[in-house]
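Have a look at run-v1.tsv below; it lists TSV, C-alpha atoms and all ligand atoms.
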chain	number	residue	atom	x	y	z
U	1	MET	CA	154.31	-35.03	119.45
U	2	VAL	CA	150.61	-35.95	119.20
U	3	LYS	CA	149.33	-35.70	115.62
U	4	LYS	CA	145.85	-34.31	114.96
U	5	GLN	CA	144.66	-37.69	113.66
U	6	ASP	CA	145.76	-39.33	116.93
U	7	VAL	CA	143.32	-37.23	118.96
U	8	ASP	CA	140.19	-39.21	119.88
U	9	LEU	CA	137.31	-36.77	120.46
U	10	GLN	CA	134.81	-39.36	121.74
U	11	VAL	CA	132.82	-38.54	124.88
U	12	LYS	CA	129.83	-40.16	126.60
U	13	LEU	CA	126.49	-38.73	127.75
U	14	GLY	CA	124.86	-41.35	129.95
U	15	SER	CA	124.94	-44.52	127.87
U	16	VAL	CA	125.28	-42.65	124.56
U	17	GLY	CA	128.69	-42.45	122.88
U	18	LEU	CA	129.41	-39.31	120.82
U	19	ALA	CA	132.12	-39.13	118.14
U	20	THR	CA	132.86	-35.53	119.14
U	21	PRO	CA	131.76	-33.32	122.06
U	22	ILE	CA	130.15	-30.72	119.77
U	23	VAL	CA	126.35	-31.06	119.50
U	24	THR	CA	123.50	-28.96	118.09
U	25	CYS	CA	121.17	-26.98	120.39
U	26	SER	CA	117.45	-27.73	120.42
U	27	GLY	CA	115.28	-25.49	118.26
U	28	THR	CA	118.07	-24.19	116.07
U	29	SER	CA	118.08	-26.81	113.31
U	30	GLY	CA	114.52	-28.13	113.12
U	31	TYR	CA	113.90	-31.86	113.07
U	32	GLY	CA	117.18	-32.64	111.34
U	33	LEU	CA	116.79	-33.09	107.63
U	34	GLU	CA	116.14	-29.39	106.98
U	35	TYR	CA	119.87	-28.97	107.52
U	36	ALA	CA	121.01	-32.18	105.81
U	37	GLU	CA	122.44	-30.44	102.73
U	38	LEU	CA	124.23	-27.81	104.78
U	39	THR	CA	125.55	-29.81	107.72
U	40	ASP	CA	127.87	-32.81	107.79
U	41	PHE	CA	126.07	-34.77	110.52
U	42	SER	CA	128.80	-37.41	110.59
U	43	ALA	CA	130.96	-34.72	112.21
U	44	VAL	CA	128.31	-33.74	114.79
U	45	GLY	CA	128.47	-35.35	118.24
U	46	ALA	CA	124.69	-35.55	118.62
U	47	PHE	CA	121.68	-33.90	117.06
U	48	PHE	CA	119.07	-32.32	119.37
U	49	THR	CA	115.61	-31.78	117.83
U	50	LYS	CA	113.38	-28.82	118.56
U	51	SER	CA	110.95	-29.23	121.47
U	52	ILE	CA	108.15	-31.73	120.89
U	53	THR	CA	104.84	-31.30	122.75
U	54	LEU	CA	101.81	-33.60	123.03
U	55	GLU	CA	99.66	-31.46	120.73
U	56	GLU	CA	100.74	-29.66	117.56
U	57	ARG	CA	101.54	-25.98	118.28
U	58	LYS	CA	101.57	-23.04	115.90
U	59	GLY	CA	103.69	-21.00	118.29
U	60	ASN	CA	103.53	-17.24	118.83
U	61	PRO	CA	102.44	-14.71	116.19
U	62	PRO	CA	105.19	-12.82	114.30
U	63	PRO	CA	107.47	-11.00	114.72
U	64	ARG	CA	109.02	-13.73	116.85
U	65	VAL	CA	112.73	-13.23	116.20
U	66	VAL	CA	114.84	-10.07	116.43
U	67	GLU	CA	118.56	-9.57	116.20
U	68	THR	CA	120.17	-7.66	119.06
U	69	ARG	CA	123.66	-6.17	119.25
U	70	ALA	CA	125.37	-9.34	120.37
U	71	GLY	CA	122.71	-11.96	120.05
U	72	LEU	CA	119.26	-13.08	119.02
U	73	LEU	CA	115.96	-12.66	120.81
U	74	ASN	CA	113.33	-15.30	120.03
U	75	ALA	CA	109.77	-16.00	121.10
U	76	ILE	CA	108.97	-18.92	118.83
U	77	GLY	CA	106.55	-20.32	121.41
U	78	LEU	CA	107.46	-24.00	120.93
U	79	ALA	CA	105.96	-24.24	117.43
U	80	ASN	CA	106.12	-27.94	116.48
U	81	VAL	CA	104.20	-30.71	114.73
U	82	GLY	CA	103.18	-32.47	117.97
U	83	LEU	CA	103.95	-35.98	119.17
U	84	GLU	CA	101.87	-38.04	116.70
U	85	ARG	CA	103.04	-36.26	113.55
U	86	PHE	CA	106.61	-36.24	114.85
U	87	ILE	CA	106.57	-40.03	115.23
U	88	LYS	CA	104.81	-40.59	111.88
U	89	GLU	CA	106.51	-38.02	109.66
U	90	LYS	CA	109.83	-37.05	111.23
U	91	VAL	CA	111.13	-40.14	113.03
U	92	PRO	CA	111.51	-42.21	109.81
U	93	GLN	CA	113.83	-39.44	108.51
U	94	LEU	CA	115.98	-39.57	111.65
U	95	LYS	CA	117.40	-42.90	110.39
U	96	GLN	CA	119.36	-40.87	107.83
U	97	ILE	CA	121.16	-38.84	110.49
U	98	PRO	CA	124.49	-40.60	111.17
U	99	CYS	CA	124.89	-39.38	114.75
U	100	PRO	CA	122.90	-40.03	117.94
U	101	VAL	CA	119.58	-38.16	118.12
U	102	PHE	CA	118.21	-36.59	121.30
U	103	VAL	CA	114.60	-35.41	121.22
U	104	ASN	CA	113.76	-32.33	123.26
U	105	VAL	CA	110.52	-32.75	125.25
U	106	ALA	CA	108.25	-29.93	126.43
U	107	GLY	CA	104.81	-29.68	128.01
U	108	ARG	CA	102.32	-27.56	129.93
U	109	THR	CA	101.60	-30.10	132.65
U	110	ILE	CA	103.60	-32.90	134.25
U	111	ASP	CA	101.24	-35.46	132.69
U	112	GLU	CA	101.96	-34.06	129.23
U	113	TYR	CA	105.71	-34.31	129.74
U	114	ARG	CA	105.33	-37.84	130.99
U	115	GLU	CA	103.14	-38.96	128.10
U	116	VAL	CA	105.49	-37.52	125.47
U	117	ALA	CA	108.59	-38.97	127.17
U	118	GLU	CA	107.01	-42.42	127.56
U	119	ARG	CA	106.08	-42.65	123.86
U	120	LEU	CA	109.44	-41.37	122.61
U	121	ASP	CA	111.36	-43.73	124.89
U	122	GLU	CA	109.93	-46.61	122.81
U	123	VAL	CA	111.30	-45.24	119.53
U	124	GLU	CA	114.58	-46.99	118.73
U	125	GLU	CA	115.92	-44.20	116.46
U	126	ILE	CA	116.09	-41.96	119.54
U	127	SER	CA	119.10	-42.27	121.86
U	128	GLY	CA	118.18	-39.67	124.46
U	129	LEU	CA	115.49	-37.31	125.71
U	130	GLU	CA	116.26	-33.72	126.73
U	131	VAL	CA	113.55	-32.38	129.02
U	132	ASN	CA	113.07	-28.63	128.50
U	133	ILE	CA	111.90	-27.37	131.89
U	134	SER	CA	111.64	-23.70	130.82
U	135	CYS	CA	107.96	-24.13	129.90
U	136	PRO	CA	105.17	-22.46	131.91
U	137	ASN	CA	103.30	-24.79	134.26
U	138	VAL	CA	99.66	-24.04	133.36
U	139	GLN	CA	98.32	-25.90	136.39
U	140	GLU	CA	100.42	-23.93	138.87
U	141	GLY	CA	99.89	-20.31	137.79
U	142	GLY	CA	102.03	-20.26	134.65
U	143	MET	CA	105.46	-19.95	136.26
U	144	SER	CA	108.18	-21.89	134.48
U	145	PHE	CA	108.73	-25.39	135.96
U	146	GLY	CA	112.45	-24.74	135.93
U	147	THR	CA	112.42	-21.75	138.26
U	148	ASP	CA	111.12	-23.71	141.27
U	149	ALA	CA	113.29	-26.54	142.58
U	150	ARG	CA	110.26	-28.41	143.99
U	151	GLU	CA	108.55	-28.35	140.60
U	152	VAL	CA	111.78	-29.50	138.94
U	153	SER	CA	111.86	-32.40	141.36
U	154	ARG	CA	108.22	-33.38	140.70
U	155	LEU	CA	108.61	-33.10	136.95
U	156	VAL	CA	111.88	-34.99	136.63
U	157	SER	CA	110.73	-37.74	139.03
U	158	ALA	CA	107.57	-38.26	136.96
U	159	VAL	CA	109.51	-38.46	133.70
U	160	ARG	CA	112.19	-40.66	135.29
U	161	GLN	CA	109.57	-43.32	136.07
U	162	VAL	CA	108.64	-43.81	132.41
U	163	VAL	CA	112.02	-43.41	130.70
U	164	LYS	CA	113.56	-46.87	130.68
U	165	ARG	CA	115.88	-46.92	127.67
U	166	CYS	CA	116.88	-43.40	126.61
U	167	THR	CA	119.52	-41.29	128.35
U	168	LEU	CA	117.61	-38.67	130.36
U	169	VAL	CA	118.93	-35.12	130.02
U	170	VAL	CA	117.37	-32.17	131.86
U	171	LYS	CA	117.80	-28.73	130.30
U	172	LEU	CA	117.91	-25.93	132.85
U	173	THR	CA	116.62	-22.38	132.52
U	174	PRO	CA	119.11	-19.65	133.56
U	175	ASN	CA	116.27	-17.35	134.70
U	176	VAL	CA	116.83	-18.15	138.38
U	177	THR	CA	118.75	-16.65	141.31
U	178	ASP	CA	121.00	-19.67	141.78
U	179	ILE	CA	121.26	-22.28	139.00
U	180	LEU	CA	122.56	-24.82	141.53
U	181	GLU	CA	119.11	-25.27	143.12
U	182	PRO	CA	117.24	-26.58	140.04
U	183	ALA	CA	120.41	-28.46	139.00
U	184	ARG	CA	120.51	-30.33	142.30
U	185	ALA	CA	116.77	-31.03	142.20
U	186	ALA	CA	117.09	-32.48	138.69
U	187	VAL	CA	120.04	-34.73	139.58
U	188	GLU	CA	118.43	-35.96	142.80
U	189	ALA	CA	115.27	-36.80	140.83
U	190	GLY	CA	117.21	-38.94	138.37
U	191	ALA	CA	118.64	-36.78	135.56
U	192	GLN	CA	121.62	-38.57	133.97
U	193	CYS	CA	122.93	-35.44	132.31
U	194	LEU	CA	122.28	-31.66	132.52
U	195	SER	CA	122.05	-29.16	129.65
U	196	LEU	CA	122.73	-25.55	130.52
U	197	VAL	CA	121.68	-23.00	129.59
U	198	ASN	CA	118.44	-22.15	127.82
U	199	THR	CA	117.78	-18.52	126.81
U	200	PHE	CA	117.57	-15.46	129.11
U	201	THR	CA	114.20	-13.63	129.29
U	202	SER	CA	114.75	-10.26	127.59
U	203	LEU	CA	113.05	-7.30	125.88
U	204	ALA	CA	113.67	-5.34	122.66
U	205	ILE	CA	111.88	-1.98	122.12
U	206	ASP	CA	110.84	-0.19	118.92
U	207	ILE	CA	111.48	3.48	119.78
U	208	GLU	CA	109.30	4.83	116.93
U	209	GLN	CA	106.21	2.82	117.89
U	210	HIS	CA	106.97	2.81	121.62
U	211	LYS	CA	106.18	-0.91	121.54
U	212	PRO	CA	108.00	-4.17	122.11
U	213	VAL	CA	109.54	-5.49	118.89
U	214	LEU	CA	108.30	-9.03	119.53
U	215	ALA	CA	104.55	-9.74	119.39
U	216	ASN	CA	105.00	-11.85	122.54
U	217	VAL	CA	106.54	-8.77	124.30
U	218	THR	CA	109.44	-10.72	125.80
U	219	GLY	CA	111.73	-13.28	124.21
U	220	GLY	CA	114.72	-15.44	125.05
U	221	LEU	CA	118.21	-14.06	124.45
U	222	SER	CA	120.86	-16.34	122.93
U	223	GLY	CA	124.18	-15.89	121.14
U	224	PRO	CA	127.51	-14.26	122.11
U	225	ALA	CA	125.91	-11.87	124.65
U	226	ILE	CA	125.12	-14.75	127.03
U	227	LYS	CA	128.36	-16.72	126.80
U	228	PRO	CA	130.14	-15.43	129.93
U	229	ILE	CA	127.01	-15.96	132.07
U	230	ALA	CA	126.49	-19.45	130.69
U	231	LEU	CA	130.15	-20.26	131.35
U	232	TYR	CA	129.82	-19.11	134.94
U	233	MET	CA	126.75	-21.30	135.43
U	234	VAL	CA	128.48	-24.37	133.99
U	235	HIS	CA	131.48	-23.74	136.24
U	236	ARG	CA	129.24	-23.40	139.32
U	237	VAL	CA	127.15	-26.51	138.61
U	238	TYR	CA	130.25	-28.55	137.74
U	239	THR	CA	132.30	-27.64	140.80
U	240	GLU	CA	129.44	-27.72	143.32
U	241	LEU	CA	127.53	-30.74	142.02
U	242	CYS	CA	128.34	-32.58	138.81
U	243	ARG	CA	132.06	-33.27	139.33
U	244	ASP	CA	131.38	-35.33	142.45
U	245	ALA	CA	128.07	-36.74	141.23
U	246	GLY	CA	129.65	-37.93	137.96
U	247	ILE	CA	126.91	-36.24	135.91
U	248	PRO	CA	128.00	-34.91	132.49
U	249	ILE	CA	127.07	-31.34	131.51
U	250	ILE	CA	126.21	-30.15	128.01
U	251	GLY	CA	127.33	-26.51	128.10
U	252	MET	CA	125.76	-24.00	125.72
U	253	GLY	CA	125.23	-20.30	125.22
U	254	GLY	CA	126.97	-18.18	122.58
U	255	VAL	CA	129.33	-20.85	121.30
U	256	GLN	CA	130.63	-19.84	117.87
U	257	PHE	CA	134.36	-20.51	117.73
U	258	GLY	CA	136.68	-23.31	118.81
U	259	THR	CA	137.94	-21.15	121.65
U	260	ASP	CA	134.38	-20.86	123.02
U	261	ALA	CA	133.98	-24.66	123.06
U	262	ILE	CA	137.35	-25.05	124.81
U	263	GLU	CA	136.29	-22.55	127.50
U	264	PHE	CA	133.12	-24.57	128.18
U	265	LEU	CA	135.12	-27.82	128.45
U	266	LEU	CA	137.58	-26.17	130.86
U	267	ALA	CA	134.61	-24.93	132.94
U	268	GLY	CA	133.40	-28.54	133.30
U	269	ALA	CA	131.21	-29.35	130.30
U	270	THR	CA	131.60	-32.81	128.72
U	271	ALA	CA	129.83	-31.72	125.53
U	272	VAL	CA	129.17	-28.29	124.04
U	273	GLY	CA	126.04	-27.14	122.18
U	274	VAL	CA	125.96	-24.79	119.20
U	275	GLY	CA	122.69	-22.95	118.55
U	276	THR	CA	122.49	-19.38	117.27
U	277	ALA	CA	125.85	-19.73	115.47
U	278	LEU	CA	124.23	-22.33	113.17
U	279	PHE	CA	122.28	-19.48	111.54
U	280	VAL	CA	125.62	-17.95	110.52
U	281	GLU	CA	127.42	-21.19	109.58
U	282	PRO	CA	125.46	-24.48	109.65
U	283	ASN	CA	128.70	-26.46	109.66
U	284	THR	CA	129.94	-24.84	112.89
U	285	PRO	CA	129.98	-28.18	114.84
U	286	LYS	CA	132.37	-29.75	112.31
U	287	ILE	CA	134.63	-26.67	112.25
U	288	LEU	CA	134.72	-26.50	116.06
U	289	ALA	CA	135.51	-30.21	116.39
U	290	GLU	CA	138.52	-29.75	114.09
U	291	GLU	CA	139.67	-26.68	116.04
U	292	LEU	CA	139.39	-28.63	119.27
U	293	ARG	CA	141.38	-31.50	117.75
U	294	GLY	CA	144.14	-29.05	116.76
U	295	TYR	CA	144.20	-27.41	120.21
U	296	LEU	CA	144.56	-30.77	121.95
U	297	ALA	CA	147.24	-32.09	119.55
U	298	GLU	CA	149.33	-28.92	119.91
U	299	ARG	CA	149.39	-29.50	123.67
U	300	ASP	CA	150.22	-33.21	123.39
U	301	MET	CA	146.76	-34.17	124.60
U	302	THR	CA	144.91	-37.09	123.04
U	303	ALA	CA	141.33	-36.66	124.32
U	304	PRO	CA	138.92	-33.96	125.60
U	305	VAL	CA	139.08	-35.44	129.11
U	306	ALA	CA	142.52	-33.80	129.40
U	307	ILE	CA	140.82	-30.38	129.66
U	308	ILE	CA	137.31	-31.10	130.97
U	309	GLY	CA	136.91	-29.26	134.29
U	310	LYS	CA	140.58	-28.31	134.34
U	311	LEU	CA	139.96	-24.61	135.00
U	312	GLN	CA	142.32	-23.58	137.80
U	313	VAL	CA	140.84	-21.14	140.28
U	314	PRO	CA	142.64	-19.54	143.23
U	315	GLU	CA	141.85	-20.87	146.70
U	316	LYS	CA	138.81	-19.17	148.27
U	317	GLY	CA	139.83	-16.16	150.38
U	318	SER	CA	143.17	-15.63	148.63
U	319	SER	CA	142.05	-12.52	146.73
U	320	GLU	CA	141.09	-9.14	148.18
U	321	LEU	CA	137.59	-7.75	147.72
U	401	LIG	C1	115.39	-19.71	117.46
U	401	LIG	C2	115.64	-20.52	118.70
U	401	LIG	C3	114.74	-21.53	119.06
U	401	LIG	C4	114.96	-22.31	120.20
U	401	LIG	N1	114.08	-23.30	120.51
U	401	LIG	C5	114.32	-24.10	121.59
U	401	LIG	C6	113.45	-25.19	121.88
U	401	LIG	O1	112.49	-25.47	121.15
U	401	LIG	N2	113.72	-25.92	123.00
U	401	LIG	C7	114.78	-25.67	123.83
U	401	LIG	O2	114.98	-26.38	124.82
U	401	LIG	N3	115.64	-24.65	123.55
U	401	LIG	C8	115.43	-23.86	122.46
U	401	LIG	N4	116.30	-22.84	122.16
U	401	LIG	C9	117.44	-22.57	123.07
U	401	LIG	C10	118.73	-23.19	122.52
U	401	LIG	O3	118.62	-24.60	122.41
U	401	LIG	C11	119.96	-22.83	123.40
U	401	LIG	O4	119.76	-23.35	124.70
U	401	LIG	C12	120.19	-21.33	123.51
U	401	LIG	O5	119.87	-20.68	122.29
U	401	LIG	C13	121.64	-20.98	123.90
U	401	LIG	O6	122.56	-21.40	122.92
U	401	LIG	P1	123.10	-20.44	121.72
U	401	LIG	O7	123.51	-19.14	122.35
U	401	LIG	O8	124.24	-21.18	121.11
U	401	LIG	O9	121.95	-20.25	120.76
U	401	LIG	C14	116.10	-22.05	121.02
U	401	LIG	C15	116.99	-21.04	120.66
U	401	LIG	C16	116.79	-20.28	119.52
U	401	LIG	C17	117.79	-19.21	119.14

What's the C-alpha cells form of this structure?
Amino acid sequence: MVKKQDVDLQVKLGSVGLATPIVTCSGTSGYGLEYAELTDFSAVGAFFTKSITLEERKGNPPPRVVETRAGLLNAIGLANVGLERFIKEKVPQLKQIPCPVFVNVAGRTIDEYREVAERLDEVEEISGLEVNISCPNVQEGGMSFGTDAREVSRLVSAVRQVVKRCTLVVKLTPNVTDILEPARAAVEAGAQCLSLVNTFTSLAIDIEQHKPVLANVTGGLSGPAIKPIALYMVHRVYTELCRDAGIPIIGMGGVQFGTDAIEFLLAGATAVGVGTALFVEPNTPKILAEELRGYLAERDMTAPVAIIGKLQVPEKGSSEL
C-alpha cells in the first residue's frame, strides 16, 4: 500500500523542476504578492504572472468582466505596469515567492515580444517565459498571432533567438480550426513547452439595453464551460505531437476540482493550470495537489507520471458512426 506521504508529485517543465503539477494561470493572480496572504505558494507548482508588455497598458474600459452561467467572460485588455516598472517594482517581490516563477510575455509586434523576452531572460528570479500568442498583430491587420501558423512560427523563432536561460513556453489560443497547426509551428520554432488553452472569444448581451455587456463587445470565456473543449485540445496535441516530441503540456481551462486536474493529466498534460477557480478559492492549487496525492496513493501509484497521457482510447475505426 502506497501512503499519501510516499507520493512524489514533482514534475519538470523544460529545465524547471516543480514540486507539484498544479500551477496558476496567467492573469488570474496578478504579479504574485497580491495573493500572498491567501495562497500557500510553497504548495504551488509554479506561479505564472499576468502578461507583461513593453509599454504600460491601462487595458480596456469597464465593464470588462461578466459572469456567465458556467464561466467568466473577460476583456481586461492586457492591463499591466509595463516592462520597466515590472522589473523595478515587481521583480524584487518575486524573491518572496517560494516556487518557480514564469512571466507571461505579450506584445503587438514581433519586435516588442522579442525585446520583452530578451530583458526578462536576464532576470535571475524568473525561471521561465510563457509567450501569450493570443495578442493582435498590429503590423499584419490585427489578427491574433496565434491563429496563423506562419505567424506563430515567425514569432516563436524570433523569441527563441534571444531566450538563452529561461524555459520557453508558448501559450496557444483555442480560437482556431485545428489547434494542432499552431502547436506544431510553435514546437518546430523552438518552444520547450506548450500551454493550452487561453480563453474562447465570446459575447454576452444585455437584453434591456440591446447592447453587449462588455465595453469591448467581445471577451474571452474561461471557467467550467470550457473544460471539455480544453481537454479535447490537450488530448489532440499530446497524441499527435507532444508525446513523440517529448514536449510537456500545461493543460488549463475550467480546472476547479482534483478530478479536473486528473482528467487533464490523463489527457496528456504534465502540469495543470488553475485560473478562474482562484477567484472562488485562492488556495485551489494546494487543495488539488492534495487530492491528486490521495488519488495516486489509493491506486498504489507513487508519481504523476503513472497517469500522464494514460487515457485509453479505442482503436480508430472500431466504433460505428
Ligand atoms: C481575468 C482573466 C485574466 C486573464 N489574463 C490573461 C493574461 O494576461 N495572459 C494570458 O496569457 N492569459 C490570461 N488569461 C487566461 C488564463 O490564463 C487561462 O488560460 C484561461 O482563463 C483558462 O483557464 P481557467 O478556465 O482556469 O480560467 C486570463 C483569464 C482571466 C479569467

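Considering only C-alpha atoms and all ligand atoms, every residue of the polymer chains approaching ligand LIG 401 (chain U) to 6 Å or closer is listed here: Cys25, Ser26, Gly27, Thr28, Lys50, Ser51, Asn74, Leu78, Asn132, Val197, Asn198, Thr199, Ser222, Gly223, Met252, Gly253, Gly254, Val255, Val274, Gly275 and Thr276 of chain U.
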
Original post:
Counting all atoms listed in the file, which of U:Val44, U:Thr53, U:Ala186, U:Gln96 gets nearest to U:Thr24?
Top reply: U:Val44

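Of the listed residues U:Gln161, U:Ile249, U:Leu83, U:Gly146, the one whose atoms come nearest to U:Arg114 is U:Gln161, with distances taken using all atoms listed in the file.
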
Subject >> Nearby residues (only C-alpha atoms) at most 8 Å from U:Met1, same-chain spacing under 2 positions excluded, as a list of chain:residue names >> reply: U:Lys3, U:Ala297, U:Glu298, U:Asp300

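Within the 6 Å cut-off around U:Ile250, using only C-alpha atoms and omitting residues fewer than 5 positions from it on the same chain, the listed residues are Ser195, Ala269, Ala271 and Val272 of chain U.
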
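Atom CA of U:Val169 to atom CA of U:Gly294 spans 29.1 Å [interatomic distance, one decimal].
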
**OP:** Find the residues near U:Leu172: any atom within 12 Å, counting only C-alpha atoms, skip ones fewer than 5 places away on the same chain, and give them as a PyMOL selection string.
**Re:** chain U and resi 130-135+144-149+152+156+178-187+191+193-200+230+233-234+237+249-253

Original post:
Can you list, as a PyMOL selection string, every protein, DNA or RNA residue that comes within 7 Å of U:Pro304 when you count all atoms listed in the file, leaving out same-chain residues fewer than 3 positions away?
Top reply: chain U and resi 9+307-308

Subject >> U:Ile76, U:Val138, U:Ile126, U:Val162 ranked by distance to U:Pro92, top pick (using all atoms listed in the file) >> reply: U:Ile126

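Put simply, atom CA of U:Thr20 is 13.6 Å away from atom CA of U:Asp6.
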
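Nearest to U:Ile205 of all the residues U:Pro282, U:Thr68, U:Thr173, U:Glu34 is U:Thr68, counting only C-alpha atoms.
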
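Atom pair atom CA of U:Val105 / atom CA of U:Ile52: separated by 5.1 Å.
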
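Ranking U:Leu221, U:Val23, U:Ala75, U:Val2 by their shortest atom-to-atom distance to U:Ala261, with all atoms listed in the file included, puts U:Val23 first.
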